[in-house]
Amino acid sequence: APTLVVNDLHRDVVNLARVVAEARETLVEELESLPFHPDTLAEAQAMCREDPASMGRVIRAKWYFVSQWMGRSGNAGTDREFAGNLPVRWTATGGDSNTRYRSAVASLEAWQSILVRCNFTTLDCFEFLDKVKDVAGHGVYADPPWVADGLVYRHRPNAAEEREWHTRLRDAFMRFDRCRVVVRLGVHELVRELYPEREWDWRRTDSRTQGNNAKAEVLLIRSGQTPEGER
């Protein structure tokens with residue numbers, strides 16, 4: 001894509017993406033030398049609970065990266081994202097958490113080539129979607145809070161409004177006829193109701209939990225139109 005617009009209300013995520021785009025080598029140098037140690041994680045969590053304005057953007061990105069990749073997966077964006085113990089594997093199954101952290105650091109080189117091209121915004125998702133033009137060749141990828149499971153996140157509908165919120169989100173997608181839409185969600189009865197297979201292309205897959213258990217998810221695709229001249 002010649003133009004990428006990335007939106008997230010979670011400013012630590014956006015700050016990390018900006019630092020990867022602008023100062024990856026400095027960030028990687030800081031991250032590679034850190035031991036996979038409980039004190040390292042505890043320091044990162046303590047720093048992330050501080051006011052972001054009290055430290056530089058690279059330092060903030062460093063400690064945020066450590067807090068998420070040395071901590072347990074699935075906590076980002078929740079009330080527990082800056083809490084918890086170091087996940088140490090005591091069996092040979094399920095992978096190794098230190099390897100996971102080192103692989104994430106190594107992946108930043110590939111991420112830089114993408115993120116340096118991004119325009120970043122921190123809008124409400126509905127405000128963002130209202131700005132997207134329904135044009136052939138445009139595309140939207142959305143990763144909203146999952147039904148039920150997503151109630152643990154900081155930016156979420158409350159339980160009483162969950163059906164209404166997800167219905168409103170589906171309706172926002174349905175206005176696109178020419179723009180391609182891809183939505184990632186967990187498999188749930190409400191998802192089946194709102195995104196019927198007669199209207200959406202369902203691509204089923206499994207993600208993995210911290211315990212290496214399969215978690216059913218689906219990519220929901222509403223195909224757009226290819227621009228004239230590219231068909």
# chains A, B, ... in the order shown; residues from 1 in each chain; ligands from 1
>>> residues_around(residues="Leu151 of chain A", least_positions_apart="2", cutoff="12 Å", atoms="only C-alpha atoms", output="ChimeraX atom specification")
/A:77-79,144-149,153-163,165-166
>>> residues_around(residues="segment 121-124 of chain A", least_positions_apart="3", cutoff="6 Å", atoms="only C-alpha atoms", output="PDB file with C-alpha atoms, in the first residue's frame")
ATOM      1  CA  ASN A   7      -5.032   4.233  14.603  1.00  0.00           C
ATOM      2  CA  ASP A   8      -4.945   3.231  18.278  1.00  0.00           C
ATOM      3  CA  LEU A   9      -6.175   5.002  21.407  1.00  0.00           C
ATOM      4  CA  GLU A 127     -14.468   8.741  14.209  1.00  0.00           C
ATOM      5  CA  PHE A 128     -11.615   7.026  12.354  1.00  0.00           C
TER       6      PHE A 128
END
>>> residues_around(residues="Arg18 of chain A", least_positions_apart="4", cutoff="10 Å", atoms="only C-alpha atoms", output="list in words")
Asp12, Val13, Val14, Glu22, Ala23, Arg24, Arg57, Val58, Ala61, Gln112, Leu115, Val116, Cys118, Asn119 and Phe120 of chain A
>>> select_by_dssp(residues="segment 2-84 of chain A", states="alpha helix (DSSP H)", output="ChimeraX atom specification")
/A:11-32,38-48,57-69
>>> residues_around(residues="Cys48 of chain A", least_positions_apart="5", cutoff="8 Å", atoms="only C-alpha atoms", output="PDB file with N, CA, C and O atoms, in the first residue's frame")
ATOM      1  N   ARG A  60      10.706   5.371  27.123  1.00  0.00           N
ATOM      2  CA  ARG A  60       9.344   4.892  27.348  1.00  0.00           C
ATOM      3  C   ARG A  60       9.058   3.665  26.477  1.00  0.00           C
ATOM      4  O   ARG A  60       8.480   2.672  26.941  1.00  0.00           O
ATOM      5  N   TRP A  63      10.877   0.461  27.887  1.00  0.00           N
ATOM      6  CA  TRP A  63      10.270  -0.180  29.050  1.00  0.00           C
ATOM      7  C   TRP A  63       8.894  -0.745  28.725  1.00  0.00           C
ATOM      8  O   TRP A  63       8.485  -1.775  29.273  1.00  0.00           O
ATOM      9  N   TYR A  64       8.176  -0.091  27.818  1.00  0.00           N
ATOM     10  CA  TYR A  64       6.878  -0.647  27.413  1.00  0.00           C
ATOM     11  C   TYR A  64       7.072  -1.970  26.673  1.00  0.00           C
ATOM     12  O   TYR A  64       6.358  -2.947  26.925  1.00  0.00           O
ATOM     13  N   SER A  67       7.879  -4.611  29.186  1.00  0.00           N
ATOM     14  CA  SER A  67       6.730  -4.965  30.027  1.00  0.00           C
ATOM     15  C   SER A  67       5.780  -5.913  29.311  1.00  0.00           C
ATOM     16  O   SER A  67       5.152  -6.774  29.943  1.00  0.00           O
ATOM     17  N   PHE A  82       0.678  -3.697  33.285  1.00  0.00           N
ATOM     18  CA  PHE A  82       1.929  -3.358  33.978  1.00  0.00           C
ATOM     19  C   PHE A  82       2.020  -4.091  35.314  1.00  0.00           C
ATOM     20  O   PHE A  82       2.506  -3.560  36.316  1.00  0.00           O
TER      21      PHE A  82
END
>>> residues_around(residues="Asp130 of chain A", least_positions_apart="6", cutoff="12 Å", atoms="only C-alpha atoms", output="list of chain:residue names")
A:Leu123, A:Asp124, A:Val140, A:Leu169, A:Asp171, A:Ala172, A:Phe173, A:Met174, A:Arg175, A:Phe176
>>> write_last_selection(atoms="N, CA, C and O atoms", output="PDB file, in the first residue's frame")
ATOM      1  N   LEU A 123      -7.538   8.282  17.422  1.00  0.00           N
ATOM      2  CA  LEU A 123      -8.945   8.660  17.374  1.00  0.00           C
ATOM      3  C   LEU A 123      -9.827   7.564  17.961  1.00  0.00           C
ATOM      4  O   LEU A 123      -9.434   6.396  18.027  1.00  0.00           O
ATOM      5  N   ASP A 124     -11.054   7.932  18.341  1.00  0.00           N
ATOM      6  CA  ASP A 124     -12.071   6.929  18.593  1.00  0.00           C
ATOM      7  C   ASP A 124     -12.288   6.150  17.295  1.00  0.00           C
ATOM      8  O   ASP A 124     -12.255   6.723  16.202  1.00  0.00           O
ATOM      9  N   VAL A 140      -9.452  -1.561   4.906  1.00  0.00           N
ATOM     10  CA  VAL A 140      -9.483  -1.371   6.353  1.00  0.00           C
ATOM     11  C   VAL A 140      -9.203  -2.710   7.018  1.00  0.00           C
ATOM     12  O   VAL A 140      -9.846  -3.716   6.693  1.00  0.00           O
ATOM     13  N   LEU A 169     -20.444  -1.154  15.352  1.00  0.00           N
ATOM     14  CA  LEU A 169     -19.203  -1.347  14.613  1.00  0.00           C
ATOM     15  C   LEU A 169     -19.478  -2.074  13.296  1.00  0.00           C
ATOM     16  O   LEU A 169     -18.962  -1.674  12.243  1.00  0.00           O
ATOM     17  N   ASP A 171     -22.214  -2.079  11.611  1.00  0.00           N
ATOM     18  CA  ASP A 171     -22.904  -1.142  10.720  1.00  0.00           C
ATOM     19  C   ASP A 171     -21.922  -0.152  10.091  1.00  0.00           C
ATOM     20  O   ASP A 171     -22.095   0.250   8.926  1.00  0.00           O
ATOM     21  N   ALA A 172     -20.892   0.243  10.842  1.00  0.00           N
ATOM     22  CA  ALA A 172     -19.882   1.156  10.288  1.00  0.00           C
ATOM     23  C   ALA A 172     -19.131   0.489   9.137  1.00  0.00           C
ATOM     24  O   ALA A 172     -18.778   1.148   8.146  1.00  0.00           O
ATOM     25  N   PHE A 173     -18.890  -0.802   9.233  1.00  0.00           N
ATOM     26  CA  PHE A 173     -18.221  -1.532   8.155  1.00  0.00           C
ATOM     27  C   PHE A 173     -19.126  -1.696   6.935  1.00  0.00           C
ATOM     28  O   PHE A 173     -18.657  -1.703   5.799  1.00  0.00           O
ATOM     29  N   MET A 174     -20.410  -1.844   7.170  1.00  0.00           N
ATOM     30  CA  MET A 174     -21.339  -2.159   6.087  1.00  0.00           C
ATOM     31  C   MET A 174     -21.531  -0.995   5.113  1.00  0.00           C
ATOM     32  O   MET A 174     -22.068  -1.190   4.022  1.00  0.00           O
ATOM     33  N   ARG A 175     -21.103   0.205   5.488  1.00  0.00           N
ATOM     34  CA  ARG A 175     -21.236   1.321   4.543  1.00  0.00           C
ATOM     35  C   ARG A 175     -20.225   1.236   3.409  1.00  0.00           C
ATOM     36  O   ARG A 175     -20.356   1.934   2.398  1.00  0.00           O
ATOM     37  N   PHE A 176     -19.209   0.366   3.567  1.00  0.00           N
ATOM     38  CA  PHE A 176     -18.181   0.262   2.545  1.00  0.00           C
ATOM     39  C   PHE A 176     -18.610  -0.739   1.466  1.00  0.00           C
ATOM     40  O   PHE A 176     -18.842  -1.917   1.751  1.00  0.00           O
TER      41      PHE A 176
END
>>> closest_residue(among="A:Lys215, A:Arg102, A:Arg168, A:Arg203", to="Leu129 of chain A", atoms="only C-alpha atoms")
A:Arg168
>>> residues_around(residues="segment 39-45 of chain A", least_positions_apart="2", cutoff="8 Å", atoms="only C-alpha atoms", output="mmCIF file with N, CA and C atoms, in the first residue's frame")
data_model
loop_
_atom_site.group_PDB
_atom_site.id
_atom_site.type_symbol
_atom_site.label_atom_id
_atom_site.label_comp_id
_atom_site.auth_asym_id
_atom_site.auth_seq_id
_atom_site.Cartn_x
_atom_site.Cartn_y
_atom_site.Cartn_z
ATOM 1 N N LEU A 34 19.431 -6.706 27.747
ATOM 2 C CA LEU A 34 18.712 -6.932 29.002
ATOM 3 C C LEU A 34 18.573 -8.423 29.310
ATOM 4 N N PRO A 35 18.818 -8.827 30.552
ATOM 5 C CA PRO A 35 18.605 -10.225 30.928
ATOM 6 C C PRO A 35 17.113 -10.512 31.107
ATOM 7 N N PHE A 36 16.713 -11.745 30.829
ATOM 8 C CA PHE A 36 15.330 -12.164 31.047
ATOM 9 C C PHE A 36 15.198 -12.510 32.524
ATOM 10 N N HIS A 37 14.915 -11.493 33.323
ATOM 11 C CA HIS A 37 15.059 -11.592 34.778
ATOM 12 C C HIS A 37 13.854 -10.924 35.447
ATOM 13 N N MET A 47 8.397 1.592 35.690
ATOM 14 C CA MET A 47 8.622 2.745 34.830
ATOM 15 C C MET A 47 7.372 3.067 34.007
ATOM 16 N N CYS A 48 6.674 2.038 33.556
ATOM 17 C CA CYS A 48 5.486 2.256 32.734
ATOM 18 C C CYS A 48 4.312 2.807 33.535
ATOM 19 N N ARG A 49 4.357 2.635 34.851
ATOM 20 C CA ARG A 49 3.308 3.223 35.686
ATOM 21 C C ARG A 49 3.561 4.701 35.960
ATOM 22 N N TRP A 63 10.877 0.461 27.887
ATOM 23 C CA TRP A 63 10.270 -0.180 29.050
ATOM 24 C C TRP A 63 8.894 -0.745 28.725
ATOM 25 N N TYR A 64 8.176 -0.091 27.818
ATOM 26 C CA TYR A 64 6.878 -0.647 27.413
ATOM 27 C C TYR A 64 7.072 -1.970 26.673
ATOM 28 N N VAL A 66 9.536 -4.087 26.973
ATOM 29 C CA VAL A 66 9.923 -5.098 27.956
ATOM 30 C C VAL A 66 8.714 -5.554 28.767
ATOM 31 N N SER A 67 7.879 -4.611 29.186
ATOM 32 C CA SER A 67 6.730 -4.965 30.027
ATOM 33 C C SER A 67 5.780 -5.913 29.311
ATOM 34 N N MET A 70 8.313 -9.409 27.963
ATOM 35 C CA MET A 70 8.793 -10.238 29.068
ATOM 36 C C MET A 70 7.639 -10.650 29.978
ATOM 37 N N GLY A 71 6.531 -9.915 29.934
ATOM 38 C CA GLY A 71 5.363 -10.269 30.721
ATOM 39 C C GLY A 71 4.526 -11.320 30.011
ATOM 40 N N PHE A 82 0.678 -3.697 33.285
ATOM 41 C CA PHE A 82 1.929 -3.358 33.978
ATOM 42 C C PHE A 82 2.020 -4.091 35.314
ATOM 43 N N ALA A 83 1.567 -5.335 35.329
ATOM 44 C CA ALA A 83 1.615 -6.165 36.532
ATOM 45 C C ALA A 83 1.886 -7.605 36.107
ATOM 46 N N ASN A 85 4.039 -11.582 36.974
ATOM 47 C CA ASN A 85 5.374 -12.147 37.139
ATOM 48 C C ASN A 85 5.994 -12.571 35.810
ATOM 49 N N LEU A 86 7.277 -12.819 35.835
ATOM 50 C CA LEU A 86 7.989 -13.308 34.657
ATOM 51 C C LEU A 86 7.494 -14.714 34.318
#
>>> decode(residues="segment 5-17 of chain A", atoms="all heavy atoms", output="short mmCIF file (atom, residue, chain, number, x, y, z; two decimals), in the first residue's frame")
data_model
loop_
_atom_site.label_atom_id
_atom_site.label_comp_id
_atom_site.auth_asym_id
_atom_site.auth_seq_id
_atom_site.Cartn_x
_atom_site.Cartn_y
_atom_site.Cartn_z
N VAL A 5 -2.42 4.30 7.32
CA VAL A 5 -2.87 5.10 8.46
C VAL A 5 -3.17 4.12 9.60
O VAL A 5 -4.02 3.24 9.47
CB VAL A 5 -4.13 5.92 8.12
CG1 VAL A 5 -4.51 6.80 9.32
CG2 VAL A 5 -3.90 6.78 6.89
N VAL A 6 -2.45 4.28 10.71
CA VAL A 6 -2.57 3.37 11.85
C VAL A 6 -3.21 4.11 13.01
O VAL A 6 -2.71 5.15 13.43
CB VAL A 6 -1.19 2.82 12.26
CG1 VAL A 6 -1.32 1.91 13.47
CG2 VAL A 6 -0.54 2.08 11.10
N ASN A 7 -4.31 3.58 13.52
CA ASN A 7 -5.03 4.23 14.60
C ASN A 7 -5.08 3.36 15.84
O ASN A 7 -5.34 2.16 15.76
CB ASN A 7 -6.47 4.53 14.16
CG ASN A 7 -7.26 5.26 15.23
OD1 ASN A 7 -6.98 6.42 15.53
ND2 ASN A 7 -8.24 4.60 15.81
N ASP A 8 -4.82 3.94 17.01
CA ASP A 8 -4.95 3.23 18.28
C ASP A 8 -5.05 4.26 19.39
O ASP A 8 -4.24 5.18 19.46
CB ASP A 8 -3.74 2.31 18.52
CG ASP A 8 -4.04 1.21 19.53
OD1 ASP A 8 -4.69 1.51 20.56
OD2 ASP A 8 -3.64 0.07 19.31
N LEU A 9 -6.05 4.11 20.26
CA LEU A 9 -6.17 5.00 21.41
C LEU A 9 -5.09 4.75 22.44
O LEU A 9 -4.85 5.58 23.32
CB LEU A 9 -7.55 4.81 22.07
CG LEU A 9 -8.72 5.55 21.44
CD1 LEU A 9 -10.02 5.17 22.15
CD2 LEU A 9 -8.53 7.06 21.51
N HIS A 10 -4.42 3.60 22.37
CA HIS A 10 -3.40 3.22 23.34
C HIS A 10 -2.09 3.91 22.94
O HIS A 10 -1.37 3.47 22.05
CB HIS A 10 -3.22 1.71 23.32
CG HIS A 10 -2.45 1.16 24.48
ND1 HIS A 10 -1.33 1.79 25.00
CD2 HIS A 10 -2.65 0.06 25.24
CE1 HIS A 10 -0.86 1.07 26.01
NE2 HIS A 10 -1.65 0.01 26.18
N ARG A 11 -1.75 5.00 23.60
CA ARG A 11 -0.62 5.83 23.17
C ARG A 11 0.73 5.15 23.37
O ARG A 11 1.69 5.49 22.69
CB ARG A 11 -0.68 7.18 23.87
CG ARG A 11 -1.88 8.01 23.41
CD ARG A 11 -1.93 9.38 24.06
NE ARG A 11 -3.11 10.11 23.61
CZ ARG A 11 -3.15 10.87 22.52
NH1 ARG A 11 -2.08 10.99 21.76
NH2 ARG A 11 -4.26 11.50 22.18
N ASP A 12 0.83 4.20 24.30
CA ASP A 12 2.09 3.48 24.43
C ASP A 12 2.37 2.65 23.19
O ASP A 12 3.53 2.49 22.77
CB ASP A 12 2.08 2.58 25.67
CG ASP A 12 2.60 3.31 26.92
OD1 ASP A 12 3.62 4.01 26.80
OD2 ASP A 12 1.98 3.18 27.98
N VAL A 13 1.33 2.08 22.58
CA VAL A 13 1.50 1.33 21.34
C VAL A 13 1.96 2.26 20.22
O VAL A 13 2.88 1.95 19.46
CB VAL A 13 0.19 0.62 20.96
CG1 VAL A 13 0.28 0.02 19.56
CG2 VAL A 13 -0.13 -0.48 21.97
N VAL A 14 1.29 3.41 20.11
CA VAL A 14 1.65 4.36 19.06
C VAL A 14 3.06 4.89 19.28
O VAL A 14 3.85 5.03 18.32
CB VAL A 14 0.63 5.51 19.00
CG1 VAL A 14 1.08 6.59 18.05
CG2 VAL A 14 -0.74 4.98 18.57
N ASN A 15 3.43 5.18 20.52
CA ASN A 15 4.79 5.67 20.79
C ASN A 15 5.83 4.62 20.42
O ASN A 15 6.86 4.94 19.81
CB ASN A 15 4.94 6.03 22.26
CG ASN A 15 6.34 6.53 22.60
OD1 ASN A 15 6.77 7.57 22.13
ND2 ASN A 15 7.08 5.75 23.38
N LEU A 16 5.57 3.35 20.76
CA LEU A 16 6.51 2.29 20.39
C LEU A 16 6.65 2.20 18.87
O LEU A 16 7.78 2.08 18.36
CB LEU A 16 6.02 0.95 20.95
CG LEU A 16 6.82 -0.29 20.53
CD1 LEU A 16 8.28 -0.19 20.96
CD2 LEU A 16 6.18 -1.56 21.11
N ALA A 17 5.54 2.28 18.17
CA ALA A 17 5.59 2.22 16.70
C ALA A 17 6.39 3.39 16.13
O ALA A 17 7.19 3.22 15.20
CB ALA A 17 4.17 2.22 16.13
#
